[in-house]
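Below you'll find the structure, written out as structure tokens, and then a few comments.
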Amino acid sequence: MANDPRDAAHPIPQFPADFLWGVSTSAHQIEGAADEREPSVWDTFTAEPGHVKDGSTAAVACDHYHRYPEDVALLKGLGVDAYRFSISWPRVNSPGGLDFYDRLVDELHGAGVRPVPTLFHWDLPAELDWLERDTAARFAEYASTVVGRLGDRVNKWITVNEPAEHTLLGHALGTHAPGKQLLFDALPAAHHQLLGHGLAVQALRAAGATDIGIANSHGPTWPASREPADLEAAAFYDLLLNRLFAEPVLLGEYPDGLGELMPGDVSADLKTISEPLDWYGVNYYAPTKVGAPQGAEIEFGGITIPAELPFSVQQIEGVPVTDFGWPVVPEGLTELLTTFKDRYGDRLPPVVITENGCSYEGVDDQQRIAYLDGHLRALHRAVEAGVDVRGYFVWSLLDNFEWAEGYARRFGLVHVDYETLRRTPKASYAWLRDVLQAQARR
């Protein structure tokens with residue numbers, strides 16, 4: 001069981017006084033009110049049978065759109081500094097859509113909670129396609145619209161969330177919206193999301209924003225053995241899921257010749273993609289153990305890895321797993337951050353952990369407490385090792401629609417009864433509240 005933060009002998013180590021503590025959500029996963037906005041690629045995807053394991057949709061989800069005052073009160077009670085939410089591009093495209101975010105931002109300010117919006121968290125308007133270059137330009141126009149409305153009350157912005165997963169799962173493997181199975185022909189979707197990020201940074205800067213980051217997902221890649229085939233496969237996986245999305249942003253270049261596979265004037269695009277950031281967001285969940293291909297499809301973490309890919313993803317043995325089957329490896333967070341510090345040096349801006357969390361059932365969620373306890377200690381070890389970490393956001397405030405898993409996975413600090421929509425703070429909510437109080441006192 002995790003140490004109680006109120007136990008003076010085993011407190012969570014002290015983070016810097018200006019460290020930003022928050023929780024995260026995303027629009028499609030919690031807002032509901034789907035009939036009050038234009039459709040997204042996820043609405044189209046979930047309308048087709050077989051794409052979501054429990055056959056559900058996010059039409060209602062947590063009904064945050066109508067219940068946001070209750071959820072902001074939960075944020076205030078938790079004692080977080082900031083709330084990372086996402087803005088629904090399809091909602092902004094709808095009449096009065098930005099009014100909701102006006103109300104939400106005002107409610108957050110009234111509760112003393114800093115709004116930290118993400119402009120794109122996978123819910124692309126249904127008529128657009130990241131395989132098309134024009135979508136990046138449309139994204140910049142959308143960013144301008146949003147900052148023009150909210151920029152007087154919002155100063156910390158995130159452009160895109162996890163372009164790696166959106167490319168891999170949505171465009172290469174087809175297990176997420178928009179359901180394309182293009183394998184390596186999905187690379188233009190990666191490039192156009194990164195280009196959209198850079199254009200959005202320019203749009204935000206033009207409106208006066210001075211605190212901008214991205215939320216990229218990263219984790220250490222562990223080779224299955226020291227055999228050359230496993231080492232080669234692990235290096236390729238690391239290239240695709242880590243370096244491909246970090247290095248264009250941080251270094252202004254694609255690694256190992258991947259730029260030759262991208263569309264358009266890549267050299268000019270990279271100048272836009274690498275617009276300077278004020279901080280770099282990292283979503284961390286676990287390392288990945290990777291070996292040589294095994295000649296057959298592999299089911300892993302709810303994802304089917306095709307046989308034709310030049311790697312296999314394998315179980316990490318000897319560690320606990322979440323209810324989702326994901327390995328619990330807090331030390332992987334320390335490893336990831338110190339590796340990035342060594343790899344990118346002064347090209348790495350200050351880091352914010354924009355997501356970290358786990359799926360467990362129950363309201364007395366002692367396993368989630370142990371998970372968060374371990375990861376906060378691992379994060380502090382990275383700080384002690386010299387990594388400039390400025391903040392930490394737990395995923396997630398609420399149980400929610402977990403994409404292709406439907407409502408089968410519960411990542412929230414607050415339990416949501418999907419029949420009544422009643423919110424019930426879990427043991428982990430109280431634990432984190434006490435951690436934050438202890439951090440503020442010391």
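Every chain in the structure tokens has a letter given in the order shown (A, B, ...), and although residue numbers restart at 1 in each chain, ligands are simply numbered from 1 in the order shown.
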Sorted by chain and rising residue number, which residues of region 341-421 of chain A lie within 12 Å of region 75-80 of chain A, and what are their closest atom pairs and distances in Å to one decimal, counting only C-alpha atoms, as JSON lines?
```
{"residue": "A:Gly391", "atom": "CA", "partner": "A:Val80", "partner_atom": "CA", "distance": 11.1}
{"residue": "A:Tyr392", "atom": "CA", "partner": "A:Val80", "partner_atom": "CA", "distance": 10.2}
{"residue": "A:Phe393", "atom": "CA", "partner": "A:Val80", "partner_atom": "CA", "distance": 9.2}
{"residue": "A:Val394", "atom": "CA", "partner": "A:Val80", "partner_atom": "CA", "distance": 10.2}
{"residue": "A:Ser396", "atom": "CA", "partner": "A:Leu75", "partner_atom": "CA", "distance": 11.4}
{"residue": "A:Leu397", "atom": "CA", "partner": "A:Leu75", "partner_atom": "CA", "distance": 8.0}
{"residue": "A:Leu398", "atom": "CA", "partner": "A:Leu75", "partner_atom": "CA", "distance": 10.5}
{"residue": "A:Leu413", "atom": "CA", "partner": "A:Leu78", "partner_atom": "CA", "distance": 9.7}
{"residue": "A:Val414", "atom": "CA", "partner": "A:Leu75", "partner_atom": "CA", "distance": 10.3}
```
Atoms to include: C-alpha atoms. Write the selected residues as a JSON list (two decimals), in the first residue's frame.
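That gives us out_22.json:
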```json
[["chain", "number", "residue", "atom", "x", "y", "z"],
["A", 391, "GLY", "CA", 4.38, 20.49, -13.43],
["A", 392, "TYR", "CA", 2.40, 17.25, -13.15],
["A", 393, "PHE", "CA", -1.15, 16.48, -14.34],
["A", 394, "VAL", "CA", -2.99, 13.30, -13.32],
["A", 396, "SER", "CA", -7.92, 11.82, -15.19],
["A", 397, "LEU", "CA", -10.33, 13.87, -13.09],
["A", 398, "LEU", "CA", -13.32, 11.71, -14.09],
["A", 413, "LEU", "CA", -10.02, 10.19, -9.40],
["A", 414, "VAL", "CA", -13.80, 10.60, -9.34]]
```
List as a PDB file with N, CA, C and O atoms, in the first residue's frame the protein and nucleic acid residues near Tyr429 (chain A), meaning an atom at most 10 Å away when only C-alpha atoms are counted, but skip any in the same chain fewer than 2 places from it.
```pdb
ATOM      1  N   LEU A  74     -15.405  20.080  -7.906  1.00  0.00           N
ATOM      2  CA  LEU A  74     -14.534  18.962  -7.551  1.00  0.00           C
ATOM      3  C   LEU A  74     -13.063  19.359  -7.686  1.00  0.00           C
ATOM      4  O   LEU A  74     -12.227  18.982  -6.862  1.00  0.00           O
ATOM      5  N   LEU A  75     -12.745  20.119  -8.712  1.00  0.00           N
ATOM      6  CA  LEU A  75     -11.380  20.605  -8.882  1.00  0.00           C
ATOM      7  C   LEU A  75     -10.977  21.501  -7.707  1.00  0.00           C
ATOM      8  O   LEU A  75      -9.874  21.383  -7.169  1.00  0.00           O
ATOM      9  N   GLY A  77     -12.237  21.496  -4.707  1.00  0.00           N
ATOM     10  CA  GLY A  77     -12.100  20.667  -3.511  1.00  0.00           C
ATOM     11  C   GLY A  77     -10.825  19.862  -3.494  1.00  0.00           C
ATOM     12  O   GLY A  77     -10.263  19.585  -2.423  1.00  0.00           O
ATOM     13  N   LEU A  78     -10.368  19.464  -4.677  1.00  0.00           N
ATOM     14  CA  LEU A  78      -9.126  18.702  -4.783  1.00  0.00           C
ATOM     15  C   LEU A  78      -7.919  19.569  -4.454  1.00  0.00           C
ATOM     16  O   LEU A  78      -6.909  19.073  -3.944  1.00  0.00           O
ATOM     17  N   VAL A 363     -14.113   2.372  -5.841  1.00  0.00           N
ATOM     18  CA  VAL A 363     -14.009   3.695  -5.240  1.00  0.00           C
ATOM     19  C   VAL A 363     -12.908   3.720  -4.190  1.00  0.00           C
ATOM     20  O   VAL A 363     -12.232   4.736  -4.012  1.00  0.00           O
ATOM     21  N   ASP A 364     -12.694   2.606  -3.493  1.00  0.00           N
ATOM     22  CA  ASP A 364     -11.569   2.501  -2.554  1.00  0.00           C
ATOM     23  C   ASP A 364     -10.363   2.006  -3.351  1.00  0.00           C
ATOM     24  O   ASP A 364      -9.924   0.860  -3.226  1.00  0.00           O
ATOM     25  N   ASP A 365      -9.799   2.891  -4.153  1.00  0.00           N
ATOM     26  CA  ASP A 365      -8.824   2.519  -5.186  1.00  0.00           C
ATOM     27  C   ASP A 365      -7.378   2.636  -4.663  1.00  0.00           C
ATOM     28  O   ASP A 365      -6.611   3.484  -5.107  1.00  0.00           O
ATOM     29  N   ARG A 368      -4.570   2.648  -7.242  1.00  0.00           N
ATOM     30  CA  ARG A 368      -4.297   3.920  -7.920  1.00  0.00           C
ATOM     31  C   ARG A 368      -3.431   4.812  -7.017  1.00  0.00           C
ATOM     32  O   ARG A 368      -2.538   5.511  -7.493  1.00  0.00           O
ATOM     33  N   ILE A 369      -3.713   4.781  -5.722  1.00  0.00           N
ATOM     34  CA  ILE A 369      -2.899   5.559  -4.787  1.00  0.00           C
ATOM     35  C   ILE A 369      -1.447   5.092  -4.853  1.00  0.00           C
ATOM     36  O   ILE A 369      -0.522   5.914  -4.917  1.00  0.00           O
ATOM     37  N   LEU A 397      -9.409  13.437 -14.134  1.00  0.00           N
ATOM     38  CA  LEU A 397     -10.332  13.867 -13.092  1.00  0.00           C
ATOM     39  C   LEU A 397     -11.485  12.888 -12.961  1.00  0.00           C
ATOM     40  O   LEU A 397     -11.831  12.469 -11.853  1.00  0.00           O
ATOM     41  N   GLY A 412     -10.406   7.600 -13.578  1.00  0.00           N
ATOM     42  CA  GLY A 412     -10.709   8.808 -12.838  1.00  0.00           C
ATOM     43  C   GLY A 412     -10.347   8.787 -11.371  1.00  0.00           C
ATOM     44  O   GLY A 412     -10.366   7.741 -10.703  1.00  0.00           O
ATOM     45  N   LEU A 413     -10.063   9.972 -10.843  1.00  0.00           N
ATOM     46  CA  LEU A 413     -10.017  10.194  -9.400  1.00  0.00           C
ATOM     47  C   LEU A 413     -11.425  10.276  -8.833  1.00  0.00           C
ATOM     48  O   LEU A 413     -11.625  10.137  -7.618  1.00  0.00           O
ATOM     49  N   VAL A 414     -12.394  10.510  -9.712  1.00  0.00           N
ATOM     50  CA  VAL A 414     -13.803  10.605  -9.341  1.00  0.00           C
ATOM     51  C   VAL A 414     -14.576   9.547 -10.116  1.00  0.00           C
ATOM     52  O   VAL A 414     -14.461   9.455 -11.338  1.00  0.00           O
ATOM     53  N   HIS A 415     -15.326   8.722  -9.403  1.00  0.00           N
ATOM     54  CA  HIS A 415     -16.155   7.690 -10.023  1.00  0.00           C
ATOM     55  C   HIS A 415     -17.387   8.325 -10.637  1.00  0.00           C
ATOM     56  O   HIS A 415     -18.012   9.212 -10.044  1.00  0.00           O
ATOM     57  N   THR A 424     -18.680  10.496  -7.568  1.00  0.00           N
ATOM     58  CA  THR A 424     -18.278  10.088  -6.221  1.00  0.00           C
ATOM     59  C   THR A 424     -16.766  10.129  -6.135  1.00  0.00           C
ATOM     60  O   THR A 424     -16.084   9.312  -6.777  1.00  0.00           O
ATOM     61  N   PRO A 425     -16.189  11.046  -5.377  1.00  0.00           N
ATOM     62  CA  PRO A 425     -14.730  11.067  -5.234  1.00  0.00           C
ATOM     63  C   PRO A 425     -14.217   9.749  -4.655  1.00  0.00           C
ATOM     64  O   PRO A 425     -14.797   9.195  -3.712  1.00  0.00           O
ATOM     65  N   LYS A 426     -13.143   9.249  -5.234  1.00  0.00           N
ATOM     66  CA  LYS A 426     -12.549   7.991  -4.795  1.00  0.00           C
ATOM     67  C   LYS A 426     -11.518   8.250  -3.692  1.00  0.00           C
ATOM     68  O   LYS A 426     -11.180   9.394  -3.377  1.00  0.00           O
ATOM     69  N   ALA A 427     -11.004   7.167  -3.125  1.00  0.00           N
ATOM     70  CA  ALA A 427      -9.951   7.295  -2.119  1.00  0.00           C
ATOM     71  C   ALA A 427      -8.746   8.035  -2.687  1.00  0.00           C
ATOM     72  O   ALA A 427      -8.074   8.796  -1.974  1.00  0.00           O
ATOM     73  N   TRP A 431      -6.602  11.192  -1.266  1.00  0.00           N
ATOM     74  CA  TRP A 431      -5.143  11.050  -1.102  1.00  0.00           C
ATOM     75  C   TRP A 431      -4.413  12.192  -1.802  1.00  0.00           C
ATOM     76  O   TRP A 431      -3.519  12.820  -1.228  1.00  0.00           O
ATOM     77  N   LEU A 432      -4.777  12.467  -3.059  1.00  0.00           N
ATOM     78  CA  LEU A 432      -4.104  13.529  -3.789  1.00  0.00           C
ATOM     79  C   LEU A 432      -4.380  14.884  -3.150  1.00  0.00           C
ATOM     80  O   LEU A 432      -3.476  15.733  -3.065  1.00  0.00           O
ATOM     81  N   ARG A 433      -5.600  15.104  -2.682  1.00  0.00           N
ATOM     82  CA  ARG A 433      -5.907  16.351  -1.976  1.00  0.00           C
ATOM     83  C   ARG A 433      -4.963  16.544  -0.786  1.00  0.00           C
ATOM     84  O   ARG A 433      -4.428  17.645  -0.569  1.00  0.00           O
ATOM     85  N   ASP A 434      -4.719  15.461  -0.058  1.00  0.00           N
ATOM     86  CA  ASP A 434      -3.838  15.562   1.103  1.00  0.00           C
ATOM     87  C   ASP A 434      -2.380  15.768   0.682  1.00  0.00           C
ATOM     88  O   ASP A 434      -1.633  16.487   1.353  1.00  0.00           O
ATOM     89  N   VAL A 435      -1.978  15.153  -0.416  1.00  0.00           N
ATOM     90  CA  VAL A 435      -0.630  15.391  -0.943  1.00  0.00           C
ATOM     91  C   VAL A 435      -0.442  16.868  -1.264  1.00  0.00           C
ATOM     92  O   VAL A 435       0.575  17.477  -0.901  1.00  0.00           O
TER      93      VAL A 435
END
```
Inset, instruction - Enter the distance from CA of Gly55 (chain A) to CA of Ala404 (chain A), in Å, rounded to one decimal. - result: 9.0 Å
Inset, instruction - For Ala229 (chain A), please output as a list of chain:residue names all residues within 10 Å (counting only C-alpha atoms; exclusion window: fewer than 2 positions along the same chain). - result: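 Listing them by chain and then by number gives A:Pro223, A:Ala224, A:Ser225, A:Arg226, A:Glu227, A:Leu231, A:Glu232, A:Ala233, A:Ala234, A:Ala235, A:Gly291, A:Ala292, A:Pro293, A:Pro310, A:Phe311.
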Taking C-alpha atoms for each residue, export the selection above as a tab-separated table (two decimals), in the first residue's frame.
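again.tsv written:
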```
chain	number	residue	atom	x	y	z
A	223	PRO	CA	14.68	-4.50	-25.97
A	224	ALA	CA	13.45	-8.02	-25.32
A	225	SER	CA	17.05	-9.26	-25.26
A	226	ARG	CA	20.56	-8.22	-26.28
A	227	GLU	CA	20.24	-10.22	-29.49
A	231	LEU	CA	17.97	-4.50	-30.43
A	232	GLU	CA	17.24	-3.47	-34.01
A	233	ALA	CA	13.48	-3.88	-33.53
A	234	ALA	CA	13.52	-1.87	-30.28
A	235	ALA	CA	15.53	0.92	-31.89
A	291	GLY	CA	11.53	-7.58	-29.81
A	292	ALA	CA	11.94	-8.90	-33.32
A	293	PRO	CA	8.75	-9.66	-35.26
A	310	PRO	CA	9.12	-5.03	-38.09
A	311	PHE	CA	8.76	-5.44	-34.32
```
Inset, instruction - Going by DSSP on the backbone, which bits of region 1-231 of chain A are strand (DSSP E or B)? Write them as JSON, numbers by chain, please. - result: {"A": [20, 21, 22, 23, 24, 40, 82, 83, 84, 85, 86, 114, 115, 116, 117, 118, 119, 120, 125, 157, 158, 159, 160, 161, 212, 213, 214, 215, 216, 217, 221, 222, 223]}
Inset, instruction - Pick out each residue of region 119-239 of chain A that DSSP on the backbone tags as alpha helix (DSSP H); I need them as an NGL selection string. - result: :A and (134-150 or 163-167 or 187-206 or 228-238)
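Every protein, DNA or RNA residue with an atom at most 12 Å from Thr339 (chain A), where only C-alpha atoms count and chain neighbours fewer than 2 positions away do not, is listed here: His218, Gly219, Pro220, Thr221, Asn242, Arg243, Gly332, Leu333, Thr334, Glu335, Leu336, Leu337, Lys341, Asp342, Arg343, Tyr344, Gly345, Leu348, Ala382, Ala385, Gly386 and Val387 of chain A.
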